[in-house]
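Here's work_29.txt, which has compact mmCIF, C-alpha atoms:
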# COMPACT_ATOMS: atom_id res chain seq x y z
CA MET R 1 -22.16 -17.10 -8.39
CA GLN R 2 -19.54 -18.16 -5.87
CA ASP R 3 -21.69 -20.97 -4.59
CA ALA R 4 -21.45 -23.00 -7.75
CA ALA R 5 -19.81 -26.39 -7.63
CA PRO R 6 -16.03 -26.39 -7.90
CA SER R 7 -15.22 -25.82 -11.51
CA GLU R 8 -11.99 -25.81 -13.41
CA THR R 9 -11.89 -22.01 -13.19
CA ARG R 10 -11.63 -22.11 -9.44
CA ASP R 11 -8.50 -24.02 -8.65
CA LEU R 12 -5.05 -23.33 -7.33
CA ARG R 13 -3.75 -22.55 -10.78
CA SER R 14 -6.35 -19.83 -11.30
CA TYR R 15 -5.32 -17.97 -8.13
CA LEU R 16 -1.61 -18.39 -8.81
CA THR R 17 -2.01 -17.20 -12.42
CA GLY R 18 -3.95 -14.19 -11.16
CA PHE R 19 -1.29 -13.48 -8.54
CA VAL R 20 1.62 -13.63 -10.99
CA LEU R 21 -0.18 -11.51 -13.61
CA ALA R 22 -1.19 -8.95 -10.97
CA LEU R 23 2.40 -8.85 -9.71
CA VAL R 24 3.75 -8.10 -13.19
CA LEU R 25 1.02 -5.53 -13.87
CA THR R 26 1.87 -3.82 -10.56
CA ALA R 27 5.64 -3.94 -11.05
CA ILE R 28 5.48 -2.30 -14.50
CA PRO R 29 3.81 1.00 -13.47
CA PHE R 30 5.66 1.25 -10.15
CA GLY R 31 9.03 0.60 -11.86
CA LEU R 32 8.18 3.12 -14.54
CA VAL R 33 7.49 5.87 -12.01
CA TYR R 34 10.20 4.90 -9.51
CA PHE R 35 13.03 4.86 -12.08
CA ASP R 36 11.53 7.83 -13.97
CA LEU R 37 11.71 6.00 -17.30
CA LEU R 38 9.19 7.99 -19.34
CA SER R 39 7.82 11.50 -19.60
CA VAL R 40 4.51 12.24 -17.89
CA GLY R 41 2.13 11.67 -20.83
CA PRO R 42 3.26 8.18 -21.92
CA ALA R 43 3.77 7.15 -18.28
CA ILE R 44 0.14 8.01 -17.41
CA ALA R 45 -1.02 6.08 -20.47
CA ILE R 46 0.91 2.95 -19.45
CA ILE R 47 -0.28 3.26 -15.82
CA ALA R 48 -3.88 3.45 -17.08
CA VAL R 49 -3.54 0.49 -19.44
CA ALA R 50 -1.80 -1.65 -16.77
CA ALA R 51 -4.56 -0.75 -14.27
CA VAL R 52 -7.39 -1.67 -16.64
CA ILE R 53 -5.73 -4.99 -17.53
CA GLN R 54 -5.11 -5.71 -13.86
CA VAL R 55 -8.77 -5.05 -12.98
CA VAL R 56 -9.76 -7.55 -15.67
CA VAL R 57 -7.21 -10.05 -14.31
CA HIS R 58 -8.66 -9.69 -10.80
CA LEU R 59 -12.24 -10.07 -12.08
CA ARG R 60 -11.30 -13.15 -14.07
CA PHE R 61 -8.92 -15.03 -11.75
CA PHE R 62 -9.96 -13.88 -8.23
CA LEU R 63 -13.68 -13.12 -8.63
CA HIS R 64 -14.10 -15.78 -11.35
CA ILE R 65 -16.26 -13.65 -13.62
CA ASP R 66 -16.80 -15.75 -16.66
CA PHE R 67 -19.24 -15.25 -19.53
CA LYS R 68 -20.27 -18.90 -19.50
CA ARG R 69 -20.55 -19.83 -15.83
CA THR R 70 -21.36 -16.55 -14.06
CA PRO R 71 -25.15 -16.09 -13.72
CA ARG R 72 -26.61 -13.68 -16.24
CA ASP R 73 -28.05 -11.42 -13.52
CA ASP R 74 -24.61 -10.90 -12.01
CA LEU R 75 -23.14 -9.97 -15.37
CA LEU R 76 -26.04 -7.58 -15.98
CA ALA R 77 -25.51 -5.93 -12.59
CA LEU R 78 -21.80 -5.57 -13.38
CA ALA R 79 -22.53 -4.07 -16.80
CA PHE R 80 -25.15 -1.71 -15.34
CA ALA R 81 -22.74 -0.52 -12.62
CA GLY R 82 -20.08 0.00 -15.28
CA PHE R 83 -22.56 2.05 -17.34
CA LEU R 84 -23.58 4.18 -14.32
CA ILE R 85 -19.94 4.77 -13.43
CA PHE R 86 -19.18 5.76 -17.00
CA ILE R 87 -22.01 8.32 -17.06
CA MET R 88 -21.43 9.75 -13.59
CA VAL R 89 -17.62 9.84 -13.57
CA GLY R 90 -17.28 10.72 -17.24
CA GLY R 91 -19.97 13.40 -16.96
CA SER R 92 -18.51 14.91 -13.78
CA LEU R 93 -15.01 15.06 -15.22
CA TRP R 94 -16.27 16.47 -18.50
CA ILE R 95 -18.18 19.28 -16.77
CA MET R 96 -15.49 20.09 -14.23
CA ILE R 97 -12.58 20.07 -16.67
CA ASP R 98 -14.58 22.17 -19.12
CA LEU R 99 -15.33 24.61 -16.31
CA TYR R 100 -11.67 24.68 -15.33
CA TYR R 101 -10.59 25.76 -18.80
CA ARG R 102 -13.41 28.32 -19.14
CA MET R 103 -12.41 29.89 -15.81
CA MET R 104 -8.84 30.29 -17.02
CA ILE R 105 -9.78 32.59 -19.90
CA MET E 1 -18.39 -33.40 17.64
CA THR E 2 -18.88 -29.65 17.59
CA ASP E 3 -19.49 -30.06 13.88
CA ALA E 4 -22.35 -32.48 14.43
CA ALA E 5 -23.93 -30.26 17.09
CA ALA E 6 -23.65 -27.21 14.87
CA THR E 7 -25.15 -29.01 11.91
CA SER E 8 -28.20 -30.09 13.85
CA SER E 9 -28.72 -26.72 15.58
CA SER E 10 -28.62 -24.77 12.33
CA GLY E 11 -30.22 -27.56 10.36
CA ALA E 12 -33.09 -25.39 9.17
CA ALA E 13 -30.70 -22.92 7.58
CA THR E 14 -28.54 -25.53 5.92
CA GLY E 15 -31.23 -26.69 3.53
CA LEU E 16 -30.54 -23.91 1.05
CA SER E 17 -31.52 -24.73 -2.48
CA PRO E 18 -29.14 -23.74 -5.28
CA GLU E 19 -31.61 -21.00 -6.28
CA GLN E 20 -31.57 -19.51 -2.77
CA LYS E 21 -27.79 -19.63 -2.73
CA GLU E 22 -27.64 -17.89 -6.05
CA GLU E 23 -30.09 -15.27 -4.83
CA LYS E 24 -27.89 -14.53 -1.81
CA ALA E 25 -24.81 -14.28 -3.97
CA PHE E 26 -26.69 -11.95 -6.32
CA GLY E 27 -27.85 -9.72 -3.47
CA PHE E 28 -24.31 -9.39 -2.21
CA TRP E 29 -23.07 -8.75 -5.73
CA VAL E 30 -25.56 -5.87 -6.11
CA TYR E 31 -24.26 -4.39 -2.84
CA LEU E 32 -20.70 -4.61 -4.19
CA MET E 33 -21.74 -2.81 -7.36
CA THR E 34 -23.26 0.05 -5.30
CA ASP E 35 -20.00 0.22 -3.37
CA ALA E 36 -18.15 0.37 -6.68
CA VAL E 37 -20.28 3.40 -7.65
CA ILE E 38 -19.38 5.12 -4.35
CA PHE E 39 -15.68 4.56 -4.93
CA ALA E 40 -15.93 5.65 -8.57
CA LEU E 41 -17.45 8.97 -7.48
CA LEU E 42 -14.80 9.44 -4.80
CA PHE E 43 -12.22 8.88 -7.56
CA ALA E 44 -13.94 11.52 -9.71
CA THR E 45 -13.96 13.93 -6.75
CA PHE E 46 -10.27 13.27 -6.18
CA ILE E 47 -9.37 13.87 -9.83
CA VAL E 48 -11.28 17.17 -9.83
CA LEU E 49 -9.66 18.35 -6.59
CA SER E 50 -6.19 16.89 -7.14
CA ARG E 51 -4.78 20.18 -8.44
CA GLY E 52 -6.28 22.18 -5.59
CA THR E 53 -3.32 22.06 -3.25
CA ALA E 54 -3.91 25.65 -2.00
CA GLY E 55 -0.17 26.29 -1.86
CA GLY E 56 0.25 23.30 0.45
CA PRO E 57 2.17 20.08 -0.06
CA THR E 58 1.58 18.07 -3.25
CA GLY E 59 1.58 14.33 -3.80
CA LYS E 60 5.21 14.52 -4.80
CA ASP E 61 6.13 15.95 -1.39
CA LEU E 62 4.02 13.52 0.60
CA PHE E 63 3.86 10.12 -1.09
CA SER E 64 6.50 7.45 -0.72
CA LEU E 65 6.46 4.97 -3.58
CA PRO E 66 8.14 2.09 -1.66
CA HIS E 67 5.55 2.55 1.12
CA THR E 68 2.66 2.36 -1.38
CA PHE E 69 4.29 -0.62 -3.07
CA GLY E 70 4.48 -2.37 0.31
CA GLU E 71 0.77 -1.72 0.92
CA THR E 72 -0.03 -2.98 -2.59
CA MET E 73 1.89 -6.21 -2.02
CA LEU E 74 0.20 -6.82 1.36
CA LEU E 75 -3.26 -6.50 -0.23
CA LEU E 76 -2.37 -8.57 -3.29
CA VAL E 77 -0.89 -11.41 -1.24
CA SER E 78 -3.87 -11.27 1.15
CA SER E 79 -6.25 -11.54 -1.82
CA THR E 80 -4.37 -14.65 -2.93
CA THR E 81 -4.39 -16.20 0.55
CA PHE E 82 -8.14 -15.56 0.76
CA GLY E 83 -8.36 -17.43 -2.55
CA PHE E 84 -6.62 -20.36 -0.89
CA ALA E 85 -9.14 -20.11 1.98
CA THR E 86 -11.91 -20.32 -0.64
CA LEU E 87 -10.34 -23.44 -2.13
CA ALA E 88 -10.10 -24.97 1.34
CA THR E 89 -13.77 -24.04 1.94
CA ILE E 90 -14.81 -25.87 -1.21
CA GLY E 91 -12.58 -28.79 -0.22
CA GLY E 92 -14.20 -28.89 3.23
CA ASP E 93 -10.91 -28.58 5.12
CA ARG E 94 -11.81 -26.48 8.16
CA ARG E 95 -8.30 -26.27 9.65
CA ALA E 96 -6.86 -25.03 6.36
CA VAL E 97 -9.65 -22.44 6.02
CA ILE E 98 -8.90 -21.08 9.50
CA GLY E 99 -5.17 -21.03 8.79
CA TRP E 100 -5.53 -19.11 5.52
CA LEU E 101 -8.05 -16.71 7.09
CA VAL E 102 -5.67 -15.96 9.98
CA LEU E 103 -2.90 -15.23 7.48
CA THR E 104 -5.24 -13.04 5.40
CA ALA E 105 -6.32 -11.08 8.50
CA LEU E 106 -2.67 -10.55 9.52
CA LEU E 107 -1.78 -9.25 6.04
CA GLY E 108 -4.84 -6.98 6.13
CA LEU E 109 -3.80 -5.69 9.57
CA GLY E 110 -0.34 -4.97 8.16
CA PHE E 111 -1.97 -2.95 5.39
CA VAL E 112 -4.14 -0.95 7.80
CA ALA E 113 -1.13 -0.35 10.08
CA MET E 114 0.91 1.00 7.15
CA GLU E 115 -1.98 3.25 6.16
CA ILE E 116 -2.42 4.61 9.69
CA GLN E 117 1.34 5.25 9.82
CA GLU E 118 1.16 7.14 6.53
CA PHE E 119 -1.89 9.19 7.59
CA SER E 120 -0.45 10.14 10.98
CA GLY E 121 2.87 11.07 9.33
CA MET E 122 1.03 13.36 6.93
CA ILE E 123 -1.07 14.95 9.67
CA ALA E 124 2.12 15.55 11.70
CA LEU E 125 3.51 17.44 8.67
CA ASP E 126 0.42 19.68 8.75
CA ALA E 127 -0.90 17.89 5.66
CA GLY E 128 -4.17 16.70 7.18
CA PRO E 129 -7.55 16.66 5.44
CA ASP E 130 -8.13 20.29 6.44
CA ARG E 131 -5.05 21.58 4.57
CA SER E 132 -6.37 21.67 0.99
CA GLY E 133 -9.01 20.33 -1.38
CA PHE E 134 -6.46 17.82 -2.66
CA LEU E 135 -5.83 16.46 0.82
CA SER E 136 -9.55 16.42 1.74
CA ALA E 137 -10.24 14.30 -1.32
CA PHE E 138 -7.19 12.11 -0.65
CA PHE E 139 -8.16 11.33 2.94
CA THR E 140 -11.80 10.72 2.00
CA LEU E 141 -10.97 8.31 -0.83
CA VAL E 142 -8.08 6.41 0.75
CA GLY E 143 -9.70 6.54 4.19
CA THR E 144 -12.98 5.06 2.89
CA HIS E 145 -11.00 2.19 1.40
CA GLY E 146 -9.10 1.75 4.67
CA VAL E 147 -12.38 1.61 6.63
CA HIS E 148 -13.63 -1.07 4.21
CA VAL E 149 -10.48 -3.12 4.77
CA SER E 150 -10.89 -2.74 8.54
CA VAL E 151 -14.50 -3.94 8.33
CA GLY E 152 -13.25 -6.84 6.18
CA ILE E 153 -10.72 -7.80 8.88
CA ILE E 154 -13.43 -7.71 11.56
CA SER E 155 -15.62 -9.89 9.32
CA ILE E 156 -12.76 -12.36 8.86
CA LEU E 157 -12.35 -12.57 12.65
CA VAL E 158 -16.11 -13.15 13.02
CA MET E 159 -15.96 -15.92 10.40
CA ILE E 160 -12.98 -17.53 12.18
CA GLY E 161 -15.15 -17.50 15.32
CA GLN E 162 -18.03 -19.12 13.42
CA LEU E 163 -15.68 -21.74 11.96
CA VAL E 164 -14.40 -22.63 15.44
CA ILE E 165 -17.86 -22.72 17.06
CA LYS E 166 -20.14 -23.93 14.24
CA GLY E 167 -17.69 -25.63 11.93
CA LEU E 168 -17.75 -25.54 8.16
CA THR E 169 -21.55 -25.78 7.82
CA PRO E 170 -23.23 -24.80 4.52
CA PRO E 171 -24.36 -21.36 5.83
CA VAL E 172 -20.84 -20.65 7.13
CA SER E 173 -19.17 -21.60 3.88
CA SER E 174 -21.76 -19.58 1.93
CA ARG E 175 -20.88 -16.52 4.08
CA LEU E 176 -17.18 -17.19 3.56
CA LEU E 177 -17.61 -17.17 -0.22
CA ARG E 178 -19.40 -13.81 -0.06
CA LEU E 179 -16.73 -12.36 2.24
CA ALA E 180 -14.15 -13.52 -0.32
CA LEU E 181 -15.97 -11.46 -2.97
CA PHE E 182 -15.79 -8.42 -0.68
CA TRP E 183 -12.07 -8.91 -0.02
CA HIS E 184 -11.16 -9.37 -3.70
CA PHE E 185 -13.29 -6.33 -4.52
CA LEU E 186 -11.27 -4.16 -2.11
CA ASP E 187 -8.09 -5.20 -3.87
CA ILE E 188 -9.60 -4.04 -7.18
CA VAL E 189 -10.41 -0.64 -5.64
CA TRP E 190 -6.80 -0.43 -4.46
CA ILE E 191 -5.57 -0.84 -8.07
CA GLY E 192 -7.51 2.34 -8.84
CA ILE E 193 -6.04 4.10 -5.80
CA PHE E 194 -2.41 3.46 -6.64
CA SER E 195 -2.97 4.10 -10.36
CA ILE E 196 -4.92 7.35 -9.91
CA VAL E 197 -3.70 8.77 -6.60
CA TYR E 198 -0.15 7.63 -5.88
CA LEU E 199 1.60 6.99 -9.19
CA PRO E 200 0.41 10.15 -11.01
CA GLY E 201 0.96 12.06 -7.74
CA VAL E 202 4.63 11.11 -7.67
CA LEU E 203 5.23 11.60 -11.41
Mind turning the file's structure into structure tokens?
Amino acid sequence: MQDAAPSETRDLRSYLTGFVLALVLTAIPFGLVYFDLLSVGPAIAIIAVAAVIQVVVHLRFFLHIDFKRTPRDDLLALAFAGFLIFIMVGGSLWIMIDLYYRMMI
Amino acid sequence: MTDAAATSSSGAATGLSPEQKEEKAFGFWVYLMTDAVIFALLFATFIVLSRGTAGGPTGKDLFSLPHTFGETMLLLVSSTTFGFATLATIGGDRRAVIGWLVLTALLGLGFVAMEIQEFSGMIALDAGPDRSGFLSAFFTLVGTHGVHVSVGIISILVMIGQLVIKGLTPPVSSRLLRLALFWHFLDIVWIGIFSIVYLPGVL
């Protein structure tokens, strides 16, 4: 995937765009928590959204994941890992949080 | 001159076809995905144990947001400088590659130094991994990431050595591109660490 010929996705502008976007997406959650701007619930939601967007920014601008140029196998491996993570992490949290509330009764 | 010698000595390895290159990149990508699964499960473990402070210190008592922000910036800037090293690799500019790699390694060392400082400060406060479930999970997750970064720094130093001795031969640049994947990947894991461990811990 990374060995492909230089393409327009992999230039200076791509890394700088990624850097600036990542900077903004880091500053927002840190500022939110540091200056205590929101209550816990909405703050967690914004932290989560900023994190997910930032992961996508990193994948797109630093790792150059791209639906057109990235080999299909790499995308499949990424999707499969995402699926495994969803089952294992989601399942673990589901069971453990359920257990936590049942133990409280 | 060293370049010419290196090219001829590793000539057999330089004749990689595009398919072979893609295969190598795919193999490394699969490894990264397995690493992602490991980190994801350490995150799940941390979330489950994060309330288990056993009467000991909580994240609010221990974490310093400016410190974490500093670590975040070091990793983010180092990811960008490694990107510049990748561009220089593609452009075939060996001196620039070495320069950017040295800068990346220094930023990575700064990150590891800040992490060691944080860990030793916590252990001095009797908030080591043996204090509570929360701290066990914290040290395991953040420590595993720190070990990865340290291995990345060692790999960067090895690649600088290869660049000096062998030059920017096709196998060397192919290794550099895979190491770049590894380094960018660690920055992605760090996004999860500050979003799941530090920020909610301080809230």
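If you measure from each of E:Val102, E:Leu41, E:Ile153, E:Leu65 to Phe35 of chain R using all atoms listed in the file, the closest one turns out to be E:Leu65.
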Interface list for chain E, partner chain R, 8 Å threshold, only C-alpha atoms, as a PyMOL selection string:
chain E and resi 18+21-22+25-26+29-30+33-34+36-37+40-41+44+47-48+65+69+76-77+79-80+83-84+87+90+174+177-178+181+184-185+188+191-192+195+199-200+202-203
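If you look at atom CA of Val189 of chain E and atom CA of Thr45 of chain E, they are 15.0 Å away from each other.
Omitting Ala137 of chain E and its sequence neighbours fewer than 3 positions away, and counting all atoms listed in the file, the residues within 8 Å are Leu42, Thr45, Phe46, Leu49, Ser50, Pro129, Gly133, Phe134, Thr140 and Leu141 of chain E.
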Deliver the residues from the most recent selection as a file, using C-alpha atoms, as a PDB file, in the coordinates of the input.
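Result saved to result01.pdb:
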ATOM      1  CA  LEU E  42     -14.800   9.440  -4.800  1.00  0.00           C
ATOM      2  CA  THR E  45     -13.960  13.930  -6.750  1.00  0.00           C
ATOM      3  CA  PHE E  46     -10.270  13.270  -6.180  1.00  0.00           C
ATOM      4  CA  LEU E  49      -9.660  18.350  -6.590  1.00  0.00           C
ATOM      5  CA  SER E  50      -6.190  16.890  -7.140  1.00  0.00           C
ATOM      6  CA  PRO E 129      -7.550  16.660   5.440  1.00  0.00           C
ATOM      7  CA  GLY E 133      -9.010  20.330  -1.380  1.00  0.00           C
ATOM      8  CA  PHE E 134      -6.460  17.820  -2.660  1.00  0.00           C
ATOM      9  CA  THR E 140     -11.800  10.720   2.000  1.00  0.00           C
ATOM     10  CA  LEU E 141     -10.970   8.310  -0.830  1.00  0.00           C
TER      11      LEU E 141
END
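Here atom CA of Gly152 of chain E stands at a distance of 26.8 Å from atom CA of Phe83 of chain R.
Atom to atom, atom CA of Val172 of chain E and atom CA of Lys24 of chain E stand 12.9 Å apart.
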